[in-house]
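The file run06.cif contains mmCIF, C-alpha atoms and all ligand atoms:
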data_model
loop_
_atom_site.group_PDB
_atom_site.id
_atom_site.type_symbol
_atom_site.label_atom_id
_atom_site.label_comp_id
_atom_site.auth_asym_id
_atom_site.auth_seq_id
_atom_site.Cartn_x
_atom_site.Cartn_y
_atom_site.Cartn_z
ATOM 1 C CA MET A 16 22.798 -28.072 91.121
ATOM 2 C CA GLN A 17 24.230 -24.528 91.379
ATOM 3 C CA PRO A 18 27.904 -25.591 91.034
ATOM 4 C CA LEU A 19 26.918 -27.947 88.225
ATOM 5 C CA ILE A 20 25.202 -25.302 86.079
ATOM 6 C CA GLU A 21 28.023 -22.844 86.755
ATOM 7 C CA ALA A 22 30.592 -25.401 85.611
ATOM 8 C CA VAL A 23 28.621 -26.185 82.446
ATOM 9 C CA HIS A 24 28.197 -22.460 81.762
ATOM 10 C CA GLU A 25 31.931 -21.918 82.072
ATOM 11 C CA GLU A 26 32.683 -24.884 79.833
ATOM 12 C CA PHE A 27 30.603 -23.503 76.959
ATOM 13 C CA VAL A 28 31.459 -19.797 77.119
ATOM 14 C CA PRO A 29 34.307 -20.374 74.598
ATOM 15 C CA TYR A 30 31.762 -21.675 72.071
ATOM 16 C CA LEU A 31 29.675 -18.492 72.150
ATOM 17 C CA GLY A 32 29.592 -16.847 68.746
ATOM 18 C CA GLU A 33 29.357 -20.154 66.848
ATOM 19 C CA GLY A 34 26.119 -20.525 64.901
ATOM 20 C CA LYS A 35 23.954 -17.830 63.411
ATOM 21 C CA VAL A 36 21.408 -15.483 64.969
ATOM 22 C CA ALA A 37 18.003 -15.573 63.210
ATOM 23 C CA ASP A 38 17.691 -12.594 60.902
ATOM 24 C CA TYR A 39 14.425 -13.135 59.021
ATOM 25 C CA ILE A 40 12.681 -11.042 61.691
ATOM 26 C CA PRO A 41 14.742 -7.805 61.843
ATOM 27 C CA GLU A 42 14.224 -7.315 65.585
ATOM 28 C CA LEU A 43 15.665 -10.792 66.320
ATOM 29 C CA ALA A 44 18.753 -10.036 64.239
ATOM 30 C CA LYS A 45 19.800 -7.535 66.903
ATOM 31 C CA ALA A 46 20.404 -10.312 69.486
ATOM 32 C CA ASP A 47 23.894 -10.663 70.939
ATOM 33 C CA PRO A 48 25.232 -14.153 70.091
ATOM 34 C CA ARG A 49 27.450 -14.027 73.183
ATOM 35 C CA ASN A 50 24.542 -14.328 75.602
ATOM 36 C CA LEU A 51 24.154 -17.537 77.566
ATOM 37 C CA GLY A 52 21.677 -18.057 80.381
ATOM 38 C CA ILE A 53 20.768 -21.248 82.246
ATOM 39 C CA ALA A 54 18.013 -21.873 84.813
ATOM 40 C CA VAL A 55 16.810 -25.055 86.470
ATOM 41 C CA ALA A 56 13.502 -25.082 88.366
ATOM 42 C CA THR A 57 13.132 -28.209 90.463
ATOM 43 C CA VAL A 58 9.852 -29.855 91.482
ATOM 44 C CA ASP A 59 10.481 -28.886 95.117
ATOM 45 C CA GLY A 60 10.068 -25.234 94.069
ATOM 46 C CA ARG A 61 13.710 -24.141 93.965
ATOM 47 C CA VAL A 62 15.265 -22.272 91.047
ATOM 48 C CA TYR A 63 18.998 -22.364 90.256
ATOM 49 C CA SER A 64 20.422 -20.114 87.574
ATOM 50 C CA THR A 65 23.561 -18.607 86.124
ATOM 51 C CA GLY A 66 24.963 -16.462 83.281
ATOM 52 C CA ASP A 67 22.512 -14.165 81.490
ATOM 53 C CA ASP A 68 19.708 -15.692 83.519
ATOM 54 C CA ALA A 69 17.882 -12.395 84.135
ATOM 55 C CA GLU A 70 17.994 -11.118 80.563
ATOM 56 C CA PRO A 71 14.562 -11.266 78.905
ATOM 57 C CA PHE A 72 14.194 -12.709 75.397
ATOM 58 C CA THR A 73 11.072 -13.432 73.355
ATOM 59 C CA ILE A 74 10.227 -17.087 73.728
ATOM 60 C CA GLN A 75 9.074 -17.479 70.087
ATOM 61 C CA SER A 76 8.177 -21.096 69.313
ATOM 62 C CA ILE A 77 8.445 -22.182 72.944
ATOM 63 C CA SER A 78 5.109 -20.374 73.330
ATOM 64 C CA LYS A 79 3.586 -23.138 71.184
ATOM 65 C CA VAL A 80 3.764 -25.465 74.200
ATOM 66 C CA PHE A 81 1.719 -23.065 76.336
ATOM 67 C CA ALA A 82 -0.765 -22.257 73.547
ATOM 68 C CA LEU A 83 -1.261 -25.979 72.891
ATOM 69 C CA THR A 84 -1.868 -26.622 76.584
ATOM 70 C CA LEU A 85 -4.491 -23.881 76.647
ATOM 71 C CA ALA A 86 -6.170 -25.092 73.435
ATOM 72 C CA LEU A 87 -6.338 -28.681 74.722
ATOM 73 C CA GLY A 88 -8.026 -27.307 77.833
ATOM 74 C CA LYS A 89 -10.529 -25.577 75.616
ATOM 75 C CA VAL A 90 -11.434 -28.226 73.007
ATOM 76 C CA GLY A 91 -9.797 -31.393 74.354
ATOM 77 C CA ASP A 92 -8.947 -34.172 71.933
ATOM 78 C CA ASP A 93 -11.057 -32.573 69.184
ATOM 79 C CA LEU A 94 -7.927 -30.558 68.496
ATOM 80 C CA TRP A 95 -6.406 -33.652 66.887
ATOM 81 C CA ARG A 96 -8.951 -33.549 64.067
ATOM 82 C CA ARG A 97 -7.184 -30.457 62.780
ATOM 83 C CA VAL A 98 -3.556 -31.101 63.733
ATOM 84 C CA GLY A 99 -1.483 -34.291 63.568
ATOM 85 C CA ARG A 100 0.889 -35.792 66.117
ATOM 86 C CA GLU A 101 3.750 -36.929 63.907
ATOM 87 C CA PRO A 102 7.230 -35.458 63.537
ATOM 88 C CA SER A 103 7.469 -33.529 60.286
ATOM 89 C CA GLY A 104 11.119 -34.034 59.358
ATOM 90 C CA THR A 105 10.927 -30.564 57.820
ATOM 91 C CA PRO A 106 11.933 -27.069 59.014
ATOM 92 C CA PHE A 107 9.587 -25.154 61.311
ATOM 93 C CA ASP A 108 8.186 -22.905 58.580
ATOM 94 C CA SER A 109 7.923 -25.482 55.781
ATOM 95 C CA ILE A 110 4.817 -25.584 53.593
ATOM 96 C CA ILE A 111 5.800 -28.710 51.691
ATOM 97 C CA GLN A 112 3.653 -31.350 53.435
ATOM 98 C CA LEU A 113 0.550 -29.206 53.716
ATOM 99 C CA GLU A 114 -0.636 -29.756 50.157
ATOM 100 C CA HIS A 115 -0.199 -33.535 50.269
ATOM 101 C CA GLU A 116 -1.872 -33.713 53.656
ATOM 102 C CA HIS A 117 -4.827 -31.492 52.754
ATOM 103 C CA GLY A 118 -4.030 -28.592 55.026
ATOM 104 C CA ILE A 119 -3.657 -30.693 58.204
ATOM 105 C CA PRO A 120 -0.288 -29.804 59.774
ATOM 106 C CA ARG A 121 1.861 -32.697 60.956
ATOM 107 C CA ASN A 122 2.048 -31.486 64.555
ATOM 108 C CA PRO A 123 1.249 -28.473 66.775
ATOM 109 C CA PHE A 124 4.868 -27.292 67.009
ATOM 110 C CA ILE A 125 5.634 -26.552 63.376
ATOM 111 C CA ASN A 126 4.343 -23.097 62.442
ATOM 112 C CA ALA A 127 1.374 -24.418 60.447
ATOM 113 C CA GLY A 128 0.210 -26.449 63.460
ATOM 114 C CA ALA A 129 0.688 -23.533 65.836
ATOM 115 C CA LEU A 130 -1.386 -21.311 63.554
ATOM 116 C CA VAL A 131 -4.260 -23.804 63.741
ATOM 117 C CA VAL A 132 -3.891 -23.773 67.544
ATOM 118 C CA SER A 133 -4.122 -19.931 67.477
ATOM 119 C CA ASP A 134 -7.245 -20.254 65.323
ATOM 120 C CA ILE A 135 -8.781 -22.640 67.882
ATOM 121 C CA LEU A 136 -7.963 -20.264 70.744
ATOM 122 C CA LEU A 137 -9.662 -17.413 68.874
ATOM 123 C CA SER A 138 -13.038 -19.182 68.810
ATOM 124 C CA GLY A 139 -15.528 -17.004 70.658
ATOM 125 C CA TYR A 140 -13.005 -14.258 71.458
ATOM 126 C CA GLN A 141 -11.430 -11.153 70.007
ATOM 127 C CA PRO A 142 -7.670 -11.382 69.293
ATOM 128 C CA ARG A 143 -6.935 -9.026 72.183
ATOM 129 C CA GLU A 144 -8.830 -11.314 74.585
ATOM 130 C CA THR A 145 -7.107 -14.432 73.253
ATOM 131 C CA ILE A 146 -3.674 -12.843 73.571
ATOM 132 C CA GLY A 147 -4.643 -11.796 77.115
ATOM 133 C CA GLN A 148 -5.656 -15.376 77.952
ATOM 134 C CA ILE A 149 -2.349 -16.798 76.717
ATOM 135 C CA LEU A 150 -0.376 -14.185 78.659
ATOM 136 C CA GLU A 151 -2.443 -14.747 81.822
ATOM 137 C CA PHE A 152 -1.895 -18.485 81.536
ATOM 138 C CA VAL A 153 1.863 -18.075 81.205
ATOM 139 C CA ARG A 154 1.926 -15.673 84.157
ATOM 140 C CA PHE A 155 -0.069 -18.161 86.223
ATOM 141 C CA ILE A 156 2.081 -21.216 85.511
ATOM 142 C CA ALA A 157 5.277 -19.182 86.042
ATOM 143 C CA ASN A 158 3.781 -17.548 89.146
ATOM 144 C CA ASP A 159 4.985 -14.185 87.838
ATOM 145 C CA GLU A 160 2.682 -11.291 87.019
ATOM 146 C CA THR A 161 5.500 -9.221 85.522
ATOM 147 C CA ILE A 162 5.805 -11.329 82.356
ATOM 148 C CA ALA A 163 4.848 -9.217 79.323
ATOM 149 C CA ILE A 164 4.769 -9.164 75.529
ATOM 150 C CA ASP A 165 7.511 -7.307 73.642
ATOM 151 C CA PRO A 166 5.484 -5.095 71.280
ATOM 152 C CA VAL A 167 8.482 -4.184 69.121
ATOM 153 C CA VAL A 168 9.226 -7.832 68.290
ATOM 154 C CA ALA A 169 5.514 -8.535 67.711
ATOM 155 C CA ARG A 170 5.362 -5.629 65.260
ATOM 156 C CA SER A 171 8.581 -6.617 63.518
ATOM 157 C CA GLU A 172 7.205 -10.085 62.922
ATOM 158 C CA THR A 173 3.840 -8.759 61.768
ATOM 159 C CA GLU A 174 5.669 -6.717 59.155
ATOM 160 C CA HIS A 175 7.910 -9.559 57.994
ATOM 161 C CA GLY A 176 5.942 -12.751 58.654
ATOM 162 C CA TYR A 177 5.507 -13.574 54.969
ATOM 163 C CA ARG A 178 5.799 -17.317 55.333
ATOM 164 C CA ASN A 179 3.373 -17.503 58.233
ATOM 165 C CA ARG A 180 0.892 -15.486 56.188
ATOM 166 C CA ALA A 181 1.333 -17.955 53.328
ATOM 167 C CA LEU A 182 0.871 -20.960 55.629
ATOM 168 C CA ALA A 183 -2.314 -19.524 57.156
ATOM 169 C CA ASN A 184 -3.780 -18.651 53.758
ATOM 170 C CA PHE A 185 -2.910 -22.080 52.393
ATOM 171 C CA MET A 186 -4.715 -23.774 55.284
ATOM 172 C CA LEU A 187 -7.660 -21.394 54.926
ATOM 173 C CA GLY A 188 -7.936 -22.711 51.369
ATOM 174 C CA PHE A 189 -8.270 -26.233 52.806
ATOM 175 C CA GLY A 190 -10.873 -25.116 55.345
ATOM 176 C CA ASN A 191 -8.534 -25.647 58.315
ATOM 177 C CA ILE A 192 -8.490 -21.983 59.404
ATOM 178 C CA GLU A 193 -11.781 -20.499 60.567
ATOM 179 C CA HIS A 194 -10.911 -16.893 61.343
ATOM 180 C CA ALA A 195 -9.503 -14.080 59.230
ATOM 181 C CA VAL A 196 -5.811 -14.729 58.576
ATOM 182 C CA ASP A 197 -4.762 -11.360 60.022
ATOM 183 C CA LEU A 198 -6.470 -12.163 63.328
ATOM 184 C CA VAL A 199 -4.868 -15.601 63.554
ATOM 185 C CA LEU A 200 -1.453 -14.121 62.776
ATOM 186 C CA GLY A 201 -2.011 -11.376 65.336
ATOM 187 C CA VAL A 202 -2.549 -13.949 68.081
ATOM 188 C CA TYR A 203 0.378 -16.079 66.953
ATOM 189 C CA PHE A 204 2.886 -13.225 66.605
ATOM 190 C CA HIS A 205 1.996 -11.856 70.031
ATOM 191 C CA GLN A 206 2.324 -15.223 71.786
ATOM 192 C CA CYS A 207 5.743 -15.635 70.128
ATOM 193 C CA ALA A 208 6.728 -12.187 71.459
ATOM 194 C CA ILE A 209 6.107 -13.069 75.110
ATOM 195 C CA ALA A 210 9.359 -12.057 76.781
ATOM 196 C CA MET A 211 10.849 -14.003 79.669
ATOM 197 C CA ASP A 212 14.202 -14.626 81.246
ATOM 198 C CA CYS A 213 15.533 -18.136 81.829
ATOM 199 C CA ARG A 214 14.292 -18.255 85.433
ATOM 200 C CA GLN A 215 10.753 -17.332 84.426
ATOM 201 C CA LEU A 216 10.763 -19.789 81.530
ATOM 202 C CA ALA A 217 12.027 -22.670 83.673
ATOM 203 C CA LYS A 218 9.255 -21.944 86.192
ATOM 204 C CA ALA A 219 6.637 -21.765 83.428
ATOM 205 C CA GLY A 220 7.605 -25.241 82.200
ATOM 206 C CA LEU A 221 7.582 -26.828 85.624
ATOM 207 C CA PHE A 222 3.980 -28.116 85.377
ATOM 208 C CA LEU A 223 5.224 -30.536 82.721
ATOM 209 C CA ALA A 224 7.759 -31.989 85.165
ATOM 210 C CA THR A 225 5.236 -32.403 87.983
ATOM 211 C CA GLY A 226 2.638 -34.401 86.085
ATOM 212 C CA GLY A 227 0.524 -31.289 85.487
ATOM 213 C CA ARG A 228 0.640 -29.526 88.858
ATOM 214 C CA VAL A 229 1.855 -26.025 89.671
ATOM 215 C CA THR A 230 4.099 -25.997 92.719
ATOM 216 C CA HIS A 231 3.204 -22.500 93.970
ATOM 217 C CA ARG A 232 -0.431 -23.521 94.532
ATOM 218 C CA ASP A 233 -1.795 -26.904 95.345
ATOM 219 C CA THR A 234 -3.579 -27.231 92.055
ATOM 220 C CA GLY A 235 -3.322 -28.994 88.710
ATOM 221 C CA VAL A 236 -3.154 -27.191 85.371
ATOM 222 C CA VAL A 237 -3.551 -30.337 83.295
ATOM 223 C CA SER A 238 -4.056 -34.022 84.067
ATOM 224 C CA THR A 239 -1.022 -36.263 84.444
ATOM 225 C CA LEU A 240 -1.974 -37.997 81.205
ATOM 226 C CA ARG A 241 -2.065 -34.698 79.332
ATOM 227 C CA ALA A 242 1.273 -33.590 80.774
ATOM 228 C CA ARG A 243 2.775 -36.898 79.609
ATOM 229 C CA ARG A 244 1.341 -36.451 76.139
ATOM 230 C CA ILE A 245 2.604 -32.887 75.789
ATOM 231 C CA ASN A 246 6.028 -34.174 76.824
ATOM 232 C CA ALA A 247 5.735 -36.927 74.195
ATOM 233 C CA LEU A 248 5.024 -34.324 71.519
ATOM 234 C CA MET A 249 7.941 -32.209 72.701
ATOM 235 C CA LEU A 250 10.244 -35.213 72.460
ATOM 236 C CA THR A 251 9.109 -36.217 68.973
ATOM 237 C CA CYS A 252 8.419 -32.798 67.422
ATOM 238 C CA GLY A 253 9.832 -30.073 69.693
ATOM 239 C CA GLN A 254 13.038 -29.496 67.707
ATOM 240 C CA TYR A 255 11.507 -29.883 64.229
ATOM 241 C CA ASP A 256 13.829 -31.849 61.927
ATOM 242 C CA GLY A 257 16.381 -31.872 64.749
ATOM 243 C CA SER A 258 14.078 -33.805 67.118
ATOM 244 C CA GLY A 259 15.595 -37.232 66.512
ATOM 245 C CA ASP A 260 19.141 -36.036 67.050
ATOM 246 C CA PHE A 261 18.123 -34.093 70.157
ATOM 247 C CA ALA A 262 16.441 -37.196 71.630
ATOM 248 C CA PHE A 263 19.585 -39.177 70.848
ATOM 249 C CA ARG A 264 21.952 -36.636 72.376
ATOM 250 C CA VAL A 265 19.928 -35.202 75.264
ATOM 251 C CA GLY A 266 17.078 -37.656 75.833
ATOM 252 C CA LEU A 267 14.602 -35.122 77.204
ATOM 253 C CA PRO A 268 11.344 -33.604 75.899
ATOM 254 C CA SER A 269 12.099 -30.064 74.787
ATOM 255 C CA LYS A 270 10.962 -27.109 72.759
ATOM 256 C CA SER A 271 13.126 -24.612 70.958
ATOM 257 C CA GLY A 272 12.543 -21.034 69.840
ATOM 258 C CA VAL A 273 14.225 -19.137 67.061
ATOM 259 C CA SER A 274 15.449 -16.468 69.495
ATOM 260 C CA GLY A 275 17.720 -19.159 70.962
ATOM 261 C CA GLY A 276 15.631 -20.305 73.906
ATOM 262 C CA LEU A 277 15.276 -23.960 74.853
ATOM 263 C CA LEU A 278 12.921 -25.477 77.392
ATOM 264 C CA ALA A 279 13.612 -29.054 78.458
ATOM 265 C CA ILE A 280 11.606 -31.180 80.864
ATOM 266 C CA VAL A 281 13.055 -33.782 83.217
ATOM 267 C CA PRO A 282 9.841 -35.532 84.307
ATOM 268 C CA GLY A 283 9.548 -35.808 88.079
ATOM 269 C CA ILE A 284 12.691 -33.727 88.590
ATOM 270 C CA ALA A 285 12.992 -30.343 86.894
ATOM 271 C CA SER A 286 12.269 -27.897 84.114
ATOM 272 C CA VAL A 287 15.330 -26.401 82.445
ATOM 273 C CA ALA A 288 15.595 -23.202 80.393
ATOM 274 C CA VAL A 289 18.695 -22.348 78.386
ATOM 275 C CA TRP A 290 19.104 -19.309 76.171
ATOM 276 C CA SER A 291 21.808 -18.497 73.664
ATOM 277 C CA PRO A 292 20.755 -16.697 70.463
ATOM 278 C CA ALA A 293 23.036 -18.216 67.808
ATOM 279 C CA LEU A 294 21.361 -21.149 66.059
ATOM 280 C CA ASN A 295 22.411 -24.426 64.444
ATOM 281 C CA LYS A 296 21.323 -25.642 60.993
ATOM 282 C CA GLN A 297 17.904 -26.742 62.261
ATOM 283 C CA GLY A 298 17.199 -23.295 63.709
ATOM 284 C CA ASN A 299 17.713 -24.372 67.333
ATOM 285 C CA SER A 300 20.170 -22.803 69.781
ATOM 286 C CA LEU A 301 23.622 -24.173 69.013
ATOM 287 C CA VAL A 302 25.289 -23.579 72.381
ATOM 288 C CA GLY A 303 21.964 -24.149 74.183
ATOM 289 C CA THR A 304 21.811 -27.658 72.777
ATOM 290 C CA LEU A 305 25.419 -28.385 73.818
ATOM 291 C CA VAL A 306 24.682 -27.067 77.316
ATOM 292 C CA LEU A 307 21.610 -29.269 77.669
ATOM 293 C CA GLU A 308 23.510 -32.285 76.403
ATOM 294 C CA ARG A 309 26.247 -31.762 78.990
ATOM 295 C CA LEU A 310 23.810 -30.950 81.824
ATOM 296 C CA ALA A 311 21.758 -34.061 81.126
ATOM 297 C CA GLU A 312 24.888 -36.187 80.978
ATOM 298 C CA ARG A 313 26.353 -34.834 84.209
ATOM 299 C CA ALA A 314 23.077 -34.825 86.153
ATOM 300 C CA GLY A 315 22.160 -38.290 84.846
ATOM 301 C CA TRP A 316 18.934 -36.991 83.326
ATOM 302 C CA SER A 317 17.187 -38.945 80.572
ATOM 303 C CA ILE A 318 13.697 -40.254 80.058
ATOM 304 C CA PHE A 319 15.193 -43.462 78.704
HETATM 305 O O1 LIG B 1 6.865 -17.917 63.366
HETATM 306 C C1 LIG B 1 8.020 -17.557 63.450
HETATM 307 O O2 LIG B 1 8.742 -17.494 62.473
HETATM 308 C C2 LIG B 1 8.568 -17.201 64.819
HETATM 309 N N1 LIG B 1 7.688 -16.328 65.522
HETATM 310 C C3 LIG B 1 8.780 -18.400 65.679
HETATM 311 C C4 LIG B 1 9.541 -19.473 65.005
HETATM 312 C C5 LIG B 1 10.360 -20.280 65.928
HETATM 313 O O3 LIG B 1 10.652 -19.914 67.034
HETATM 314 C C6 LIG B 1 10.890 -21.522 65.344
HETATM 315 N N2 LIG B 1 11.716 -22.227 66.289
HETATM 316 N N3 LIG B 1 12.834 -22.503 66.309
#

Could you write out this structure as structure tokens?
Amino acid sequence: MQPLIEAVHEEFVPYLGEGKVADYIPELAKADPRNLGIAVATVDGRVYSTGDDAEPFTIQSISKVFALTLALGKVGDDLWRRVGREPSGTPFDSIIQLEHEHGIPRNPFINAGALVVSDILLSGYQPRETIGQILEFVRFIANDETIAIDPVVARSETEHGYRNRALANFMLGFGNIEHAVDLVLGVYFHQCAIAMDCRQLAKAGLFLATGGRVTHRDTGVVSTLRARRINALMLTCGQYDGSGDFAFRVGLPSKSGVSGGLLAIVPGIASVAVWSPALNKQGNSLVGTLVLERLAERAGWSIF
């Protein structure tokens, strides 16, 4: 595995700089498009990594996978009364379907769906407690107590998250948000600002490759069925309107973040984190996607 990821890293270094770093959150615009990190955590507990593998970045929308897992643990399948399970075919921050579909977001990975998940996690708690629960959960699954939230990025997004504010207010109007919009946004922006390096992120995703178990303790986080279903949602919705093409090219469940992170799951084998900040047209890491495509091809990984 180590020579393989090093070879793939080397192959794609010349492509660094292609694509565009997200700039709608000023703090994210400062990212260096020449960064590229790769980490592979295997189900036997080993972690292989290369490049900028120890450089922390905010995981942004990848946090939606962990927040969804936590919310399903809290309310179970009742969650699906408020969020759908269909690909949206629209960008991550689109509002267009919400009116037609009466404030029920298509899936938990577009921003509207993730905001409903934040609202669910807030039930019975203060925002600070909810944010603490999400962070604790991520630390537990990654087996790393050092993981923290980047307060500067959280603040930058709070100051510029106009579209998320609009989405939350729109859903409040349909009765699909129960808490004050500012509190829901506070939870969501802080979960997005959880900072991790590729090694930590690959370890955090590993429970989805093991059928719901964490490898550092002999315990399950979710049932095998739930792990399968989260993977199914990642495959169909994890890359927004790029999900079909990603399934075609890579063939693995995955989730992207606008800071250029990608988490991909090889069920039964590994969890893979790739980070490169410049994005493609769908808002997913451009070089990260190419790296995953090549890694999957060379390792023979596909769920198909
Ligand atoms: O809500 C936002 O705009 C960001 N915090 C996260 C968006 C994101 O990562 C979309 N994924 N590619």

Given a cut-off of 10 Å, what residues near ligand LIG 1 (chain B) show up using only C-alpha atoms and all ligand atoms, put as a short mmCIF file (atom, residue, chain, number, x, y, z; two decimals) with C-alpha atoms, in the frame of the given file?
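The resulting file, out_5.cif, is reproduced below:
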data_model
loop_
_atom_site.label_atom_id
_atom_site.label_comp_id
_atom_site.auth_asym_id
_atom_site.auth_seq_id
_atom_site.Cartn_x
_atom_site.Cartn_y
_atom_site.Cartn_z
CA ALA A 37 18.00 -15.57 63.21
CA TYR A 39 14.42 -13.14 59.02
CA ILE A 40 12.68 -11.04 61.69
CA LEU A 43 15.66 -10.79 66.32
CA THR A 73 11.07 -13.43 73.36
CA ILE A 74 10.23 -17.09 73.73
CA GLN A 75 9.07 -17.48 70.09
CA SER A 76 8.18 -21.10 69.31
CA ILE A 77 8.44 -22.18 72.94
CA SER A 78 5.11 -20.37 73.33
CA LYS A 79 3.59 -23.14 71.18
CA PRO A 106 11.93 -27.07 59.01
CA PHE A 107 9.59 -25.15 61.31
CA ASP A 108 8.19 -22.90 58.58
CA PHE A 124 4.87 -27.29 67.01
CA ILE A 125 5.63 -26.55 63.38
CA ASN A 126 4.34 -23.10 62.44
CA ALA A 127 1.37 -24.42 60.45
CA ALA A 129 0.69 -23.53 65.84
CA LEU A 130 -1.39 -21.31 63.55
CA VAL A 168 9.23 -7.83 68.29
CA ALA A 169 5.51 -8.54 67.71
CA SER A 171 8.58 -6.62 63.52
CA GLU A 172 7.20 -10.09 62.92
CA THR A 173 3.84 -8.76 61.77
CA HIS A 175 7.91 -9.56 57.99
CA GLY A 176 5.94 -12.75 58.65
CA TYR A 177 5.51 -13.57 54.97
CA ARG A 178 5.80 -17.32 55.33
CA ASN A 179 3.37 -17.50 58.23
CA ARG A 180 0.89 -15.49 56.19
CA LEU A 200 -1.45 -14.12 62.78
CA TYR A 203 0.38 -16.08 66.95
CA PHE A 204 2.89 -13.22 66.60
CA HIS A 205 2.00 -11.86 70.03
CA GLN A 206 2.32 -15.22 71.79
CA CYS A 207 5.74 -15.64 70.13
CA ALA A 208 6.73 -12.19 71.46
CA GLY A 253 9.83 -30.07 69.69
CA GLN A 254 13.04 -29.50 67.71
CA TYR A 255 11.51 -29.88 64.23
CA LYS A 270 10.96 -27.11 72.76
CA SER A 271 13.13 -24.61 70.96
CA GLY A 272 12.54 -21.03 69.84
CA VAL A 273 14.22 -19.14 67.06
CA SER A 274 15.45 -16.47 69.50
CA GLY A 275 17.72 -19.16 70.96
CA GLY A 276 15.63 -20.30 73.91
CA LEU A 277 15.28 -23.96 74.85
CA LEU A 294 21.36 -21.15 66.06
CA ASN A 295 22.41 -24.43 64.44
CA GLN A 297 17.90 -26.74 62.26
CA GLY A 298 17.20 -23.30 63.71
CA ASN A 299 17.71 -24.37 67.33
CA SER A 300 20.17 -22.80 69.78
#

Put a box with edges along x, y and z around all the listed atoms of stretch 271-278 of chain A, pad it by 5 Å on each side, then give me its centre and sizes in Å, one decimal, as lines of an AutoDock Vina configuration file.
center_x = 15.1
center_y = -21.0
center_z = 72.2
size_x = 15.2
size_y = 19.0
size_z = 20.3

Q. Suppose you want the space between atom CA of A:Phe155 and atom CA of A:Ile209; what is it in Å?
A.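 Here the two named atoms are 13.7 Å from each other.
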
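You can rank A:Pro142, A:Val23, A:Tyr63, A:Met211 by their closest distance to A:Glu312 using all atoms listed in the file, and at the top of that list sits A:Val23.
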
(Q) Take the PyMOL selection byres (((chain A and resi 31-35) around 12) and not hetatm), run it mentally on this structure, and tell me the resulting residues as a ChimeraX atom specification. (A) /A:24-30,36-39,43-52,273-275,290-306

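Among A:Arg244, A:Arg61, A:His117, A:Arg313, the residue with the shortest atom-to-atom distance to A:Thr230, counting only C-alpha atoms, is A:Arg61.
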
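Considering the residues A:Ser286, A:Ser258, A:Asn184, A:Ser269 and counting only C-alpha atoms, A:Gly104 has its shortest atom-to-atom contact with A:Ser258.
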
**Q.** Reference answer for the PyMOL selection byres (((chain A and resi 261-267) around 10) and not hetatm), as an MDAnalysis selection string
**A.** chainID A and resid 246:247 249:251 253:260 268:270 278:282 304:312 316:319

Could you spell out the hits of the PyMOL selection byres (((chain A and resi 225) around 8) and not hetatm) on the shown file, as a PDB file with C-alpha atoms, in the coordinates of the input?
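Generated output (expr02.pdb):
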ATOM      1  CA  VAL A  58       9.852 -29.855  91.482  1.00  0.00           C
ATOM      2  CA  LEU A 221       7.582 -26.828  85.624  1.00  0.00           C
ATOM      3  CA  PHE A 222       3.980 -28.116  85.377  1.00  0.00           C
ATOM      4  CA  LEU A 223       5.224 -30.536  82.721  1.00  0.00           C
ATOM      5  CA  ALA A 224       7.759 -31.989  85.165  1.00  0.00           C
ATOM      6  CA  GLY A 226       2.638 -34.401  86.085  1.00  0.00           C
ATOM      7  CA  GLY A 227       0.524 -31.289  85.487  1.00  0.00           C
ATOM      8  CA  ARG A 228       0.640 -29.526  88.858  1.00  0.00           C
ATOM      9  CA  VAL A 229       1.855 -26.025  89.671  1.00  0.00           C
ATOM     10  CA  PRO A 282       9.841 -35.532  84.307  1.00  0.00           C
ATOM     11  CA  GLY A 283       9.548 -35.808  88.079  1.00  0.00           C
ATOM     12  CA  ILE A 284      12.691 -33.727  88.590  1.00  0.00           C
TER      13      ILE A 284
END

**Q.** Point-to-point distance in Å for atom CA of A:Arg154 and atom CA of A:Gly91
**A.** 21.9 Å

Q: Give me, please, the distance in Å between atom CA of A:Ala22 and atom CA of A:Val62, quoted to one decimal.
A: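 Atom-to-atom, atom CA of A:Ala22 and atom CA of A:Val62 are spaced 16.6 Å apart.
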
Q.
I'd like the contact shell of A:Phe185 - 12 Å cut-off, all atoms listed in the file, skipping same-chain residues fewer than 5 positions apart - returned as an NGL selection string.
A. :A and (109-120 or 127 or 130-131 or 178-180 or 190-192 or 196)

Around (-3.6, -27.6, 74.6) in the file's own coordinates, what residues are found within 10 Å if you use all atoms listed in the file, given back as a CSV table (one decimal) with C-alpha atoms, in the coordinates of the input?
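What landed in selection_12.csv:
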chain,number,residue,atom,x,y,z
A,79,LYS,CA,3.6,-23.1,71.2
A,80,VAL,CA,3.8,-25.5,74.2
A,81,PHE,CA,1.7,-23.1,76.3
A,82,ALA,CA,-0.8,-22.3,73.5
A,83,LEU,CA,-1.3,-26.0,72.9
A,84,THR,CA,-1.9,-26.6,76.6
A,85,LEU,CA,-4.5,-23.9,76.6
A,86,ALA,CA,-6.2,-25.1,73.4
A,87,LEU,CA,-6.3,-28.7,74.7
A,88,GLY,CA,-8.0,-27.3,77.8
A,89,LYS,CA,-10.5,-25.6,75.6
A,90,VAL,CA,-11.4,-28.2,73.0
A,91,GLY,CA,-9.8,-31.4,74.4
A,92,ASP,CA,-8.9,-34.2,71.9
A,94,LEU,CA,-7.9,-30.6,68.5
A,123,PRO,CA,1.2,-28.5,66.8
A,132,VAL,CA,-3.9,-23.8,67.5
A,135,ILE,CA,-8.8,-22.6,67.9
A,136,LEU,CA,-8.0,-20.3,70.7
A,237,VAL,CA,-3.6,-30.3,83.3
A,241,ARG,CA,-2.1,-34.7,79.3
A,242,ALA,CA,1.3,-33.6,80.8
A,245,ILE,CA,2.6,-32.9,75.8
